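Asks: First the structure, which I've put down as structure tokens, then a few questions once you've had a look.
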Amino acid sequence: MTLIMKGSEVSAGMKSRILDELHALSITPTLAVIRVGSRPDDLAYERGIIKRFDSLGLKVKVHELDENISQNDFDSEFMNINNDSNVHGILLFRPLPSGLSDEFAVRNINPIKDVDCMSDVNIAGVFAGKSECFAPCTASAVMEMLSHYDIALHGLNVAVIGRSMVIGKPVAMMMTKQNATVTICHTKTQNIEEICRRSDVIVAAAGKALMLTKDYVNENSIIVDVGINVDANGKLCGDVDFENVSSVVKAISPVPGGVGAVTTSVLAEHVVRAAKNS
């Protein structure tokens, strides 16, 4: 019988751990969310963050900036938040609107407040295997999910579909640290279906709706679906054709209700850690 790896179960398991860390603090960990404009996906994620943080007694300050803000004004606003001693973590929704660059923010964010791994310092730390650095929240959520369901990566073959700095590359490095043998697949990869079929674990992070079909898997496959897409009927879906694949594989995470539900808990844990380090 296929194991459905549910994000709600993972988040529930993380909650007591976060509360234990929180009880040792004399301050309220605070996250600054910087949002330029009002894209629906940003707003949905923002609501999820606020709900999760409220449930843990953490604070969220939302800084909503006009989508027509100038580069100079954006950079100035960012530095004001970056220098605020009452802010322990910063989350900048990206990509920014057309014509606005995040280069200044990436270069200047305080690494201690960089709870979603935007700075080169934290990115380098993740690639070097330094556990004290903040990894991207979604990549960490993948690892949390596998750990919660007692899936040890030691010696396993893993296919990561996608090579972004947000998911693909960092999660590959994190899995390598746990002694997995990782193949990063992308649009130019030849025989991608065969590579995935031979793998024990597949992380689908291509950003292409329902691309991973039965042809990519075997009966022992463990699938973590990181994709957030909308299908032809306007329904939220992942990169995996869950309806057809879930009956074949050993374990799979759904969309919605999978990795995305864990990401906000990882973010909360990172903010608590940042507050402890402040």
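Note on naming: chains are A, B, ... as they come in the structure tokens, residues start from 1 per chain, ligands start from 1 in the order shown.
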Find the spatial neighbours of stretch 18-20 of chain A, counting only C-alpha atoms, within a cut-off of 8 Å - ignore same-chain residues fewer than 2 positions away - and output them as a ChimeraX atom specification.
Replies: /A:14-16,22-24,56,268-269,272
Asks: Identify, with DSSP run on backbone atoms, the residues in stretch 82-158 of chain A assigned to helix (DSSP H, G or I), and express the list as number ranges by chain.
Replies: A: 82, 103-108, 120-127, 137-148
Asks: Leaving out stretch 218-227 of chain A and any residue of its chain fewer than 5 positions from it, which residues lie within 8 Å of it when counting only C-alpha atoms, given as a PyMOL selection string?
Replies: chain A and resi 138+142+197-209+237-240+248-255+258-260
Asks: Looking only at the backbone, which of the residues in stretch 85-131 of chain A does DSSP tag as strand (DSSP E), as a VMD selection string?
Replies: chain A and resid 89 to 92
Asks: Could the residues in this selection be written to a file with N, CA, C and O atoms, as an mmCIF file, in the first residue's frame?
Replies:
```
data_model
loop_
_atom_site.group_PDB
_atom_site.id
_atom_site.type_symbol
_atom_site.label_atom_id
_atom_site.label_comp_id
_atom_site.auth_asym_id
_atom_site.auth_seq_id
_atom_site.Cartn_x
_atom_site.Cartn_y
_atom_site.Cartn_z
ATOM 1 N N GLY A 89 14.189 37.852 11.386
ATOM 2 C CA GLY A 89 14.256 37.162 10.110
ATOM 3 C C GLY A 89 13.596 37.981 9.020
ATOM 4 O O GLY A 89 12.651 38.736 9.286
ATOM 5 N N ILE A 90 14.104 37.859 7.804
ATOM 6 C CA ILE A 90 13.557 38.596 6.657
ATOM 7 C C ILE A 90 13.217 37.619 5.545
ATOM 8 O O ILE A 90 14.030 36.754 5.192
ATOM 9 N N LEU A 91 12.006 37.760 5.014
ATOM 10 C CA LEU A 91 11.583 36.975 3.855
ATOM 11 C C LEU A 91 11.148 37.939 2.763
ATOM 12 O O LEU A 91 10.180 38.676 2.926
ATOM 13 N N LEU A 92 11.877 37.951 1.657
ATOM 14 C CA LEU A 92 11.546 38.790 0.505
ATOM 15 C C LEU A 92 10.902 37.914 -0.553
ATOM 16 O O LEU A 92 11.500 36.932 -1.012
#
```
Asks: Neighbouring residues of stretch 183-188 of chain A were defined as those with any atom within 8 Å, considering only C-alpha atoms; residues of the same chain fewer than 4 positions away were excluded. Please report them as a PyMOL selection string.
Replies: chain A and resi 157-163+168-169+172+192+206
Asks: Find the residues near A:Met118: any atom within 10 Å, counting only C-alpha atoms, skip ones fewer than 6 places away on the same chain, and give them as a compact mmCIF listing (two decimals) with all heavy atoms, in the first residue's frame.
Replies:
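Output (selection_5.txt):
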```txt
# COMPACT_ATOMS: atom_id res chain seq x y z
N ILE A 90 14.10 37.86 7.80
CA ILE A 90 13.56 38.60 6.66
C ILE A 90 13.22 37.62 5.55
O ILE A 90 14.03 36.75 5.19
CB ILE A 90 14.57 39.64 6.13
CG1 ILE A 90 14.85 40.71 7.19
CG2 ILE A 90 14.06 40.29 4.84
CD1 ILE A 90 15.96 41.67 6.80
N LEU A 91 12.01 37.76 5.01
CA LEU A 91 11.58 36.97 3.85
C LEU A 91 11.15 37.94 2.76
O LEU A 91 10.18 38.68 2.93
CB LEU A 91 10.42 36.05 4.21
CG LEU A 91 9.88 35.20 3.05
CD1 LEU A 91 10.91 34.18 2.59
CD2 LEU A 91 8.59 34.49 3.45
N LEU A 92 11.88 37.95 1.66
CA LEU A 92 11.55 38.79 0.50
C LEU A 92 10.90 37.91 -0.55
O LEU A 92 11.50 36.93 -1.01
CB LEU A 92 12.81 39.45 -0.06
CG LEU A 92 12.67 40.21 -1.38
CD1 LEU A 92 11.74 41.41 -1.22
CD2 LEU A 92 14.04 40.64 -1.89
N ASP A 102 16.73 42.50 -7.33
CA ASP A 102 16.96 42.09 -5.94
C ASP A 102 18.45 42.03 -5.61
O ASP A 102 18.84 41.58 -4.53
CB ASP A 102 16.31 40.74 -5.65
CG ASP A 102 16.89 39.61 -6.51
OD1 ASP A 102 17.86 39.85 -7.25
OD2 ASP A 102 16.38 38.48 -6.42
N ALA A 105 19.54 43.71 -2.34
CA ALA A 105 19.04 42.97 -1.18
C ALA A 105 19.85 41.71 -0.95
O ALA A 105 20.23 41.38 0.18
CB ALA A 105 17.56 42.64 -1.37
N VAL A 106 20.12 40.97 -2.01
CA VAL A 106 20.90 39.73 -1.91
C VAL A 106 22.29 40.02 -1.37
O VAL A 106 22.82 39.29 -0.53
CB VAL A 106 20.98 39.03 -3.28
CG1 VAL A 106 22.00 37.91 -3.27
CG2 VAL A 106 19.60 38.51 -3.69
N ARG A 107 22.87 41.11 -1.83
CA ARG A 107 24.24 41.44 -1.45
C ARG A 107 24.34 41.97 -0.02
O ARG A 107 25.37 41.79 0.65
CB ARG A 107 24.80 42.48 -2.43
CG ARG A 107 26.31 42.67 -2.36
CD ARG A 107 26.85 43.52 -3.50
NE ARG A 107 26.33 44.87 -3.47
CZ ARG A 107 25.51 45.39 -4.37
NH1 ARG A 107 25.11 44.64 -5.39
NH2 ARG A 107 25.08 46.62 -4.28
N ASN A 108 23.27 42.61 0.46
CA ASN A 108 23.36 43.31 1.74
C ASN A 108 22.58 42.70 2.90
O ASN A 108 22.75 43.11 4.04
CB ASN A 108 22.89 44.76 1.56
CG ASN A 108 23.90 45.59 0.78
OD1 ASN A 108 24.91 46.04 1.30
ND2 ASN A 108 23.61 45.79 -0.50
N ILE A 109 21.74 41.70 2.64
CA ILE A 109 20.96 41.13 3.75
C ILE A 109 21.89 40.56 4.81
O ILE A 109 22.91 39.94 4.51
CB ILE A 109 19.98 40.06 3.24
CG1 ILE A 109 19.01 39.64 4.35
CG2 ILE A 109 20.71 38.86 2.65
CD1 ILE A 109 17.87 38.75 3.87
N ASN A 110 21.54 40.79 6.05
CA ASN A 110 22.30 40.24 7.17
C ASN A 110 22.14 38.71 7.14
O ASN A 110 21.02 38.22 7.26
CB ASN A 110 21.76 40.81 8.47
CG ASN A 110 22.56 40.38 9.69
OD1 ASN A 110 23.28 39.40 9.66
ND2 ASN A 110 22.41 41.11 10.78
N PRO A 111 23.22 37.97 6.99
CA PRO A 111 23.09 36.50 6.90
C PRO A 111 22.38 35.88 8.10
O PRO A 111 21.73 34.84 7.96
CB PRO A 111 24.54 36.03 6.82
CG PRO A 111 25.30 37.19 6.27
CD PRO A 111 24.61 38.41 6.82
N PHE A 134 21.40 28.90 7.15
CA PHE A 134 20.00 28.71 6.77
C PHE A 134 19.91 28.22 5.33
O PHE A 134 20.34 28.90 4.41
CB PHE A 134 19.22 30.03 6.91
CG PHE A 134 19.05 30.49 8.32
CD1 PHE A 134 19.60 31.68 8.76
CD2 PHE A 134 18.32 29.73 9.24
CE1 PHE A 134 19.43 32.11 10.06
CE2 PHE A 134 18.15 30.14 10.55
CZ PHE A 134 18.72 31.34 10.97
N ALA A 135 19.33 27.05 5.15
CA ALA A 135 19.06 26.53 3.82
C ALA A 135 17.71 27.07 3.34
O ALA A 135 16.90 27.53 4.15
CB ALA A 135 19.02 25.01 3.85
N PRO A 136 17.43 27.05 2.04
CA PRO A 136 16.11 27.46 1.56
C PRO A 136 15.01 26.66 2.25
O PRO A 136 15.14 25.44 2.43
CB PRO A 136 16.17 27.16 0.06
CG PRO A 136 17.62 27.22 -0.28
CD PRO A 136 18.33 26.68 0.92
N MET A 165 18.38 27.44 -7.70
CA MET A 165 19.08 27.69 -6.44
C MET A 165 18.11 27.70 -5.26
O MET A 165 18.53 27.76 -4.11
CB MET A 165 19.82 29.03 -6.50
CG MET A 165 21.00 29.02 -7.45
SD MET A 165 22.26 27.78 -7.02
CE MET A 165 22.86 28.44 -5.48
N VAL A 166 16.82 27.63 -5.55
CA VAL A 166 15.81 27.62 -4.48
C VAL A 166 15.53 26.19 -4.02
O VAL A 166 15.35 25.93 -2.83
CB VAL A 166 14.51 28.29 -4.96
CG1 VAL A 166 13.43 28.23 -3.88
CG2 VAL A 166 14.78 29.74 -5.34
```
Asks: Given only C-alpha atoms as the basis, pick out the residue of A:Ser278, A:Ala180, A:Ser140, A:Ser55 nearest to A:Ile167.
Replies: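 Among the listed residues, A:Ser140 lies closest to A:Ile167.
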Asks: Just the number, please: distance in Å from atom CA of A:Val182 to atom CA of A:Ala139, one decimal.
Replies: 14.4 Å
Asks: Need to verify the contact set: stretch 31-48 of chain A, 10 Å, only C-alpha atoms, exclusion of same-chain residues closer than 6 positions in sequence. Can you return it as a PyMOL selection string?
Replies: chain A and resi 54+58-69+74+77-78+81-82+84+86-97+100+113+115+228+260-261+263-265+267-268+270-272+274-275
Asks: What is the distance, in Å and to one decimal place, between atom CA of A:Ser98 and atom CA of A:Asn80?
Replies: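 Atom CA of A:Asn80 lies at a distance of 22.6 Å from atom CA of A:Ser98.
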